[in-house]
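Read through the structure below, which is laid out as C-alpha coordinates, and then see the notes.
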Amino acid sequence: MRVLIAGPENARLVALSGYLTFRGFTVDHAPDVADARALLGHIRYRGLVAGIELGSIEHPLLADLLRVAKASPEGPRTVAVVRSALSSTARWPEADLILGAELPMSHLASVVCASLAG
(Lines give C-alpha, C1' and ligand atoms only; values in the text may rest on other atoms or scores of the structure.)
Protein backbone atom coordinates (compact mmCIF):
# COMPACT_ATOMS: atom_id res chain seq x y z
CA MET A 1 0.00 0.00 0.00
CA ARG A 2 1.25 3.44 -0.85
CA VAL A 3 1.04 6.54 1.37
CA LEU A 4 1.80 10.18 0.63
CA ILE A 5 3.00 12.40 3.45
CA ALA A 6 2.54 16.07 2.59
CA GLY A 7 3.83 19.09 4.43
CA PRO A 8 7.05 20.68 5.56
CA GLU A 9 9.50 18.00 6.63
CA ASN A 10 9.93 17.78 10.38
CA ALA A 11 11.04 15.15 12.86
CA ARG A 12 7.48 13.89 13.42
CA LEU A 13 6.77 13.29 9.72
CA VAL A 14 10.17 11.69 9.15
CA ALA A 15 9.60 9.33 12.09
CA LEU A 16 6.08 8.53 10.87
CA SER A 17 7.47 7.77 7.41
CA GLY A 18 10.00 5.38 8.92
CA TYR A 19 7.33 3.64 11.00
CA LEU A 20 5.00 3.19 8.02
CA THR A 21 7.88 1.91 5.87
CA PHE A 22 8.77 -0.61 8.59
CA ARG A 23 5.12 -1.74 8.61
CA GLY A 24 5.22 -2.46 4.86
CA PHE A 25 3.89 0.76 3.34
CA THR A 26 5.60 2.49 0.43
CA VAL A 27 5.92 6.13 1.50
CA ASP A 28 6.39 9.22 -0.67
CA HIS A 29 6.98 12.67 0.78
CA ALA A 30 5.91 15.95 -0.79
CA PRO A 31 7.34 18.99 1.00
CA ASP A 32 4.81 21.34 -0.55
CA VAL A 33 1.28 21.32 -1.89
CA ALA A 34 2.26 21.64 -5.55
CA ASP A 35 4.36 18.47 -5.35
CA ALA A 36 1.60 16.65 -3.46
CA ARG A 37 -1.02 17.58 -6.07
CA ALA A 38 1.26 16.35 -8.86
CA LEU A 39 1.84 13.02 -7.13
CA LEU A 40 -1.87 12.57 -6.34
CA GLY A 41 -2.64 13.16 -10.01
CA HIS A 42 -0.37 10.35 -11.16
CA ILE A 43 -0.22 7.76 -8.38
CA ARG A 44 -2.99 5.97 -6.52
CA TYR A 45 -2.44 6.28 -2.77
CA ARG A 46 -4.08 4.36 0.07
CA GLY A 47 -3.54 7.29 2.39
CA LEU A 48 -2.65 10.96 2.48
CA VAL A 49 -1.13 12.28 5.70
CA ALA A 50 -0.90 16.07 5.90
CA GLY A 51 1.35 17.62 8.51
CA ILE A 52 -0.34 20.93 9.27
CA GLU A 53 1.37 23.74 11.15
CA LEU A 54 -1.36 26.19 12.14
CA GLY A 55 -0.53 29.69 11.00
CA SER A 56 1.95 28.56 8.35
CA ILE A 57 1.62 29.71 4.76
CA GLU A 58 0.93 26.10 3.69
CA HIS A 59 -1.87 25.61 6.25
CA PRO A 60 -4.88 26.57 4.04
CA LEU A 61 -3.30 24.89 1.02
CA LEU A 62 -2.89 21.59 2.87
CA ALA A 63 -6.50 21.78 4.06
CA ASP A 64 -7.54 22.27 0.43
CA LEU A 65 -5.37 19.32 -0.62
CA LEU A 66 -7.16 17.10 1.92
CA ARG A 67 -10.53 18.30 0.60
CA VAL A 68 -9.59 17.53 -3.02
CA ALA A 69 -8.24 14.09 -2.14
CA LYS A 70 -11.31 13.18 -0.10
CA ALA A 71 -13.65 14.27 -2.91
CA SER A 72 -12.18 11.92 -5.50
CA PRO A 73 -14.17 8.70 -5.99
CA GLU A 74 -11.29 6.35 -5.17
CA GLY A 75 -9.35 8.87 -3.15
CA PRO A 76 -7.02 8.04 -0.31
CA ARG A 77 -7.94 7.95 3.35
CA THR A 78 -7.02 11.38 4.67
CA VAL A 79 -5.23 12.03 7.95
CA ALA A 80 -4.37 15.45 9.35
CA VAL A 81 -1.57 15.66 11.90
CA VAL A 82 -2.15 19.11 13.36
CA ARG A 83 0.20 20.90 15.73
CA SER A 84 -2.50 22.09 18.10
CA ALA A 85 -4.33 20.51 20.99
CA LEU A 86 -7.44 22.37 19.77
CA SER A 87 -7.74 20.21 16.65
CA SER A 88 -11.27 19.00 16.08
CA THR A 89 -13.44 17.51 13.38
CA ALA A 90 -15.42 20.75 13.35
CA ARG A 91 -12.28 22.60 12.23
CA TRP A 92 -11.04 19.86 9.86
CA PRO A 93 -14.06 18.29 8.16
CA GLU A 94 -11.91 17.46 5.13
CA ALA A 95 -9.91 14.85 7.07
CA ASP A 96 -11.06 11.32 7.85
CA LEU A 97 -8.86 11.33 10.94
CA ILE A 98 -7.42 14.25 12.92
CA LEU A 99 -4.54 13.73 15.32
CA GLY A 100 -2.65 16.21 17.45
CA ALA A 101 1.07 16.32 16.71
CA GLU A 102 1.62 16.43 20.49
CA LEU A 103 0.67 12.74 20.84
CA PRO A 104 3.52 10.40 21.76
CA MET A 105 5.12 9.20 18.52
CA SER A 106 4.38 5.53 19.22
CA HIS A 107 0.67 6.29 19.64
CA LEU A 108 0.50 8.64 16.66
CA ALA A 109 2.22 6.15 14.35
CA SER A 110 0.18 3.13 15.44
CA VAL A 111 -3.13 5.00 15.03
CA VAL A 112 -2.17 6.28 11.57
CA CYS A 113 -1.01 2.81 10.53
CA ALA A 114 -4.22 1.15 11.77
CA SER A 115 -6.34 3.79 10.05
CA LEU A 116 -4.63 3.25 6.71
CA ALA A 117 -4.62 -0.53 6.94
CA GLY A 118 -8.30 -0.81 7.85
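Going through the C-alpha coordinates in order, the chains are called A, B, and so on, while each chain numbers its residues from 1 and the ligands are numbered from 1 in the order shown.
For chain A, a DSSP pass over the backbone yields strand (DSSP E or B) at Arg2, Val3, Leu4, Ile5, Ala6, Thr26, Val27, Asp28, His29, Ala30, Gly47, Leu48, Val49, Ala50, Gly51, Ile52, Arg77, Thr78, Val79, Ala80, Val81, Val82, Leu97, Ile98, Leu99 and Gly100 of chain A.
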May I have a table of the residues of stretch 5-51 of chain A lying at most 7 Å from stretch 104-116 of chain A, giving each one's closest pair of atoms and their distance in Å to one decimal, counting only C-alpha atoms, ordered by chain and ascending residue number, as CSV?
residue,atom,partner,partner_atom,distance
A:Leu16,CA,A:Ala109,CA,5.7
A:Tyr19,CA,A:Ala109,CA,6.6
A:Leu20,CA,A:Cys113,CA,6.5
A:Arg46,CA,A:Leu116,CA,6.8
A:Gly47,CA,A:Leu116,CA,6.0
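The closest residue to A:Ala34, picked from A:Met1, A:Leu65, A:Ala117, A:Leu48 and counting only C-alpha atoms, is A:Leu65.
Of the listed residues (A:Arg44, A:Ser17, A:Gly7, A:Leu39), A:Gly7 comes nearest to A:Ala63; the distances count only C-alpha atoms.
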Could you find all residues in chain A that DSSP calls helix (DSSP H, G or I) from the backbone, and write them as a ChimeraX atom specification?
/A:11-22,33-42,59-71,105-117
Output of the above residues as a tab-separated table (two decimals), in the first residue's frame, restricted to N, CA and C atoms:
chain	number	residue	atom	x	y	z
A	11	ALA	N	10.68	16.41	12.22
A	11	ALA	CA	11.04	15.15	12.86
A	11	ALA	C	9.85	14.20	12.98
A	12	ARG	N	8.68	14.73	13.26
A	12	ARG	CA	7.48	13.89	13.42
A	12	ARG	C	7.13	13.17	12.11
A	13	LEU	N	7.13	13.91	11.00
A	13	LEU	CA	6.77	13.29	9.72
A	13	LEU	C	7.83	12.31	9.25
A	14	VAL	N	9.09	12.61	9.51
A	14	VAL	CA	10.17	11.69	9.15
A	14	VAL	C	10.04	10.40	9.95
A	15	ALA	N	9.78	10.51	11.25
A	15	ALA	CA	9.60	9.33	12.09
A	15	ALA	C	8.38	8.52	11.66
A	16	LEU	N	7.29	9.21	11.33
A	16	LEU	CA	6.08	8.53	10.87
A	16	LEU	C	6.37	7.79	9.57
A	17	SER	N	7.10	8.41	8.68
A	17	SER	CA	7.47	7.77	7.41
A	17	SER	C	8.26	6.50	7.67
A	18	GLY	N	9.22	6.56	8.58
A	18	GLY	CA	10.00	5.38	8.92
A	18	GLY	C	9.15	4.27	9.51
A	19	TYR	N	8.22	4.63	10.38
A	19	TYR	CA	7.33	3.64	11.00
A	19	TYR	C	6.47	2.96	9.94
A	20	LEU	N	5.87	3.76	9.06
A	20	LEU	CA	5.00	3.19	8.02
A	20	LEU	C	5.80	2.30	7.07
A	21	THR	N	7.02	2.72	6.73
A	21	THR	CA	7.88	1.91	5.87
A	21	THR	C	8.19	0.57	6.54
A	22	PHE	N	8.50	0.61	7.83
A	22	PHE	CA	8.77	-0.61	8.59
A	22	PHE	C	7.56	-1.53	8.59
A	33	VAL	N	2.58	21.70	-1.33
A	33	VAL	CA	1.28	21.32	-1.89
A	33	VAL	C	1.36	21.06	-3.39
A	34	ALA	N	2.15	21.83	-4.10
A	34	ALA	CA	2.26	21.64	-5.55
A	34	ALA	C	2.80	20.24	-5.87
A	35	ASP	N	3.82	19.81	-5.15
A	35	ASP	CA	4.36	18.47	-5.35
A	35	ASP	C	3.33	17.40	-4.99
A	36	ALA	N	2.61	17.62	-3.90
A	36	ALA	CA	1.60	16.65	-3.46
A	36	ALA	C	0.49	16.52	-4.50
A	37	ARG	N	0.03	17.63	-5.04
A	37	ARG	CA	-1.02	17.58	-6.07
A	37	ARG	C	-0.54	16.81	-7.30
A	38	ALA	N	0.71	17.05	-7.69
A	38	ALA	CA	1.26	16.35	-8.86
A	38	ALA	C	1.31	14.84	-8.61
A	39	LEU	N	1.77	14.45	-7.45
A	39	LEU	CA	1.84	13.02	-7.13
A	39	LEU	C	0.44	12.40	-7.06
A	40	LEU	N	-0.50	13.09	-6.43
A	40	LEU	CA	-1.87	12.57	-6.34
A	40	LEU	C	-2.51	12.41	-7.71
A	41	GLY	N	-2.09	13.24	-8.66
A	41	GLY	CA	-2.64	13.16	-10.01
A	41	GLY	C	-2.11	11.99	-10.82
A	42	HIS	N	-0.99	11.40	-10.37
A	42	HIS	CA	-0.37	10.35	-11.16
A	42	HIS	C	-0.26	9.00	-10.46
A	59	HIS	N	-0.72	26.10	5.49
A	59	HIS	CA	-1.87	25.61	6.25
A	59	HIS	C	-3.16	25.56	5.42
A	60	PRO	N	-3.64	26.66	4.82
A	60	PRO	CA	-4.88	26.57	4.04
A	60	PRO	C	-4.73	25.73	2.78
A	61	LEU	N	-3.52	25.69	2.22
A	61	LEU	CA	-3.30	24.89	1.02
A	61	LEU	C	-3.36	23.40	1.32
A	62	LEU	N	-2.82	23.00	2.47
A	62	LEU	CA	-2.89	21.59	2.87
A	62	LEU	C	-4.32	21.18	3.17
A	63	ALA	N	-5.09	22.07	3.80
A	63	ALA	CA	-6.50	21.78	4.06
A	63	ALA	C	-7.24	21.58	2.74
A	64	ASP	N	-6.93	22.41	1.75
A	64	ASP	CA	-7.54	22.27	0.43
A	64	ASP	C	-7.12	20.96	-0.23
A	65	LEU	N	-5.86	20.58	-0.06
A	65	LEU	CA	-5.37	19.32	-0.62
A	65	LEU	C	-6.13	18.15	-0.02
A	66	LEU	N	-6.37	18.16	1.28
A	66	LEU	CA	-7.16	17.10	1.92
A	66	LEU	C	-8.57	17.05	1.35
A	67	ARG	N	-9.17	18.21	1.14
A	67	ARG	CA	-10.53	18.30	0.60
A	67	ARG	C	-10.59	17.70	-0.81
A	68	VAL	N	-9.62	18.04	-1.65
A	68	VAL	CA	-9.59	17.53	-3.02
A	68	VAL	C	-9.41	16.01	-3.03
A	69	ALA	N	-8.49	15.52	-2.20
A	69	ALA	CA	-8.24	14.09	-2.14
A	69	ALA	C	-9.47	13.33	-1.66
A	70	LYS	N	-10.14	13.84	-0.66
A	70	LYS	CA	-11.31	13.18	-0.10
A	70	LYS	C	-12.47	13.16	-1.09
A	71	ALA	N	-12.54	14.16	-1.97
A	71	ALA	CA	-13.65	14.27	-2.91
A	71	ALA	C	-13.52	13.31	-4.09
A	105	MET	N	4.88	9.71	19.86
A	105	MET	CA	5.12	9.20	18.52
A	105	MET	C	4.63	7.78	18.34
A	106	SER	N	4.82	6.92	19.35
A	106	SER	CA	4.38	5.53	19.22
A	106	SER	C	2.87	5.45	19.05
A	107	HIS	N	2.13	6.28	19.76
A	107	HIS	CA	0.67	6.29	19.64
A	107	HIS	C	0.24	6.86	18.29
A	108	LEU	N	0.82	7.98	17.93
A	108	LEU	CA	0.50	8.64	16.66
A	108	LEU	C	0.73	7.68	15.49
A	109	ALA	N	1.88	7.06	15.46
A	109	ALA	CA	2.22	6.15	14.35
A	109	ALA	C	1.31	4.94	14.31
A	110	SER	N	1.03	4.33	15.45
A	110	SER	CA	0.18	3.13	15.44
A	110	SER	C	-1.25	3.46	15.03
A	111	VAL	N	-1.76	4.62	15.43
A	111	VAL	CA	-3.13	5.00	15.03
A	111	VAL	C	-3.19	5.29	13.53
A	112	VAL	N	-2.20	6.00	13.00
A	112	VAL	CA	-2.17	6.28	11.57
A	112	VAL	C	-2.07	4.97	10.79
A	113	CYS	N	-1.19	4.09	11.21
A	113	CYS	CA	-1.01	2.81	10.53
A	113	CYS	C	-2.31	2.00	10.54
A	114	ALA	N	-2.96	1.90	11.67
A	114	ALA	CA	-4.22	1.15	11.77
A	114	ALA	C	-5.31	1.76	10.90
A	115	SER	N	-5.35	3.10	10.86
A	115	SER	CA	-6.34	3.79	10.05
A	115	SER	C	-6.14	3.51	8.57
A	116	LEU	N	-4.91	3.47	8.12
A	116	LEU	CA	-4.63	3.25	6.71
A	116	LEU	C	-4.79	1.78	6.32
A	117	ALA	N	-4.53	0.90	7.24
A	117	ALA	CA	-4.62	-0.53	6.94
A	117	ALA	C	-6.07	-1.02	6.93
Gap from atom CA of A:Ile52 to atom CA of A:Phe25 - Å, one decimal
21.4 Å
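You can rank A:Ala95, A:Arg77, A:Asp32, A:Ser72 by their closest distance to A:Val3 using only C-alpha atoms, and at the top of that list sits A:Arg77.
If you look at atom CA of A:Glu102 and atom CA of A:Ala50, they are 14.8 Å away from each other.
If you look at atom CA of A:Pro31 and atom CA of A:Leu97, they are 20.5 Å away from each other.
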Have a look at A:Ala30, A:Tyr45, A:Leu99, A:Val81 and name the one nearest to A:Pro8; count only C-alpha atoms.
A:Ala30
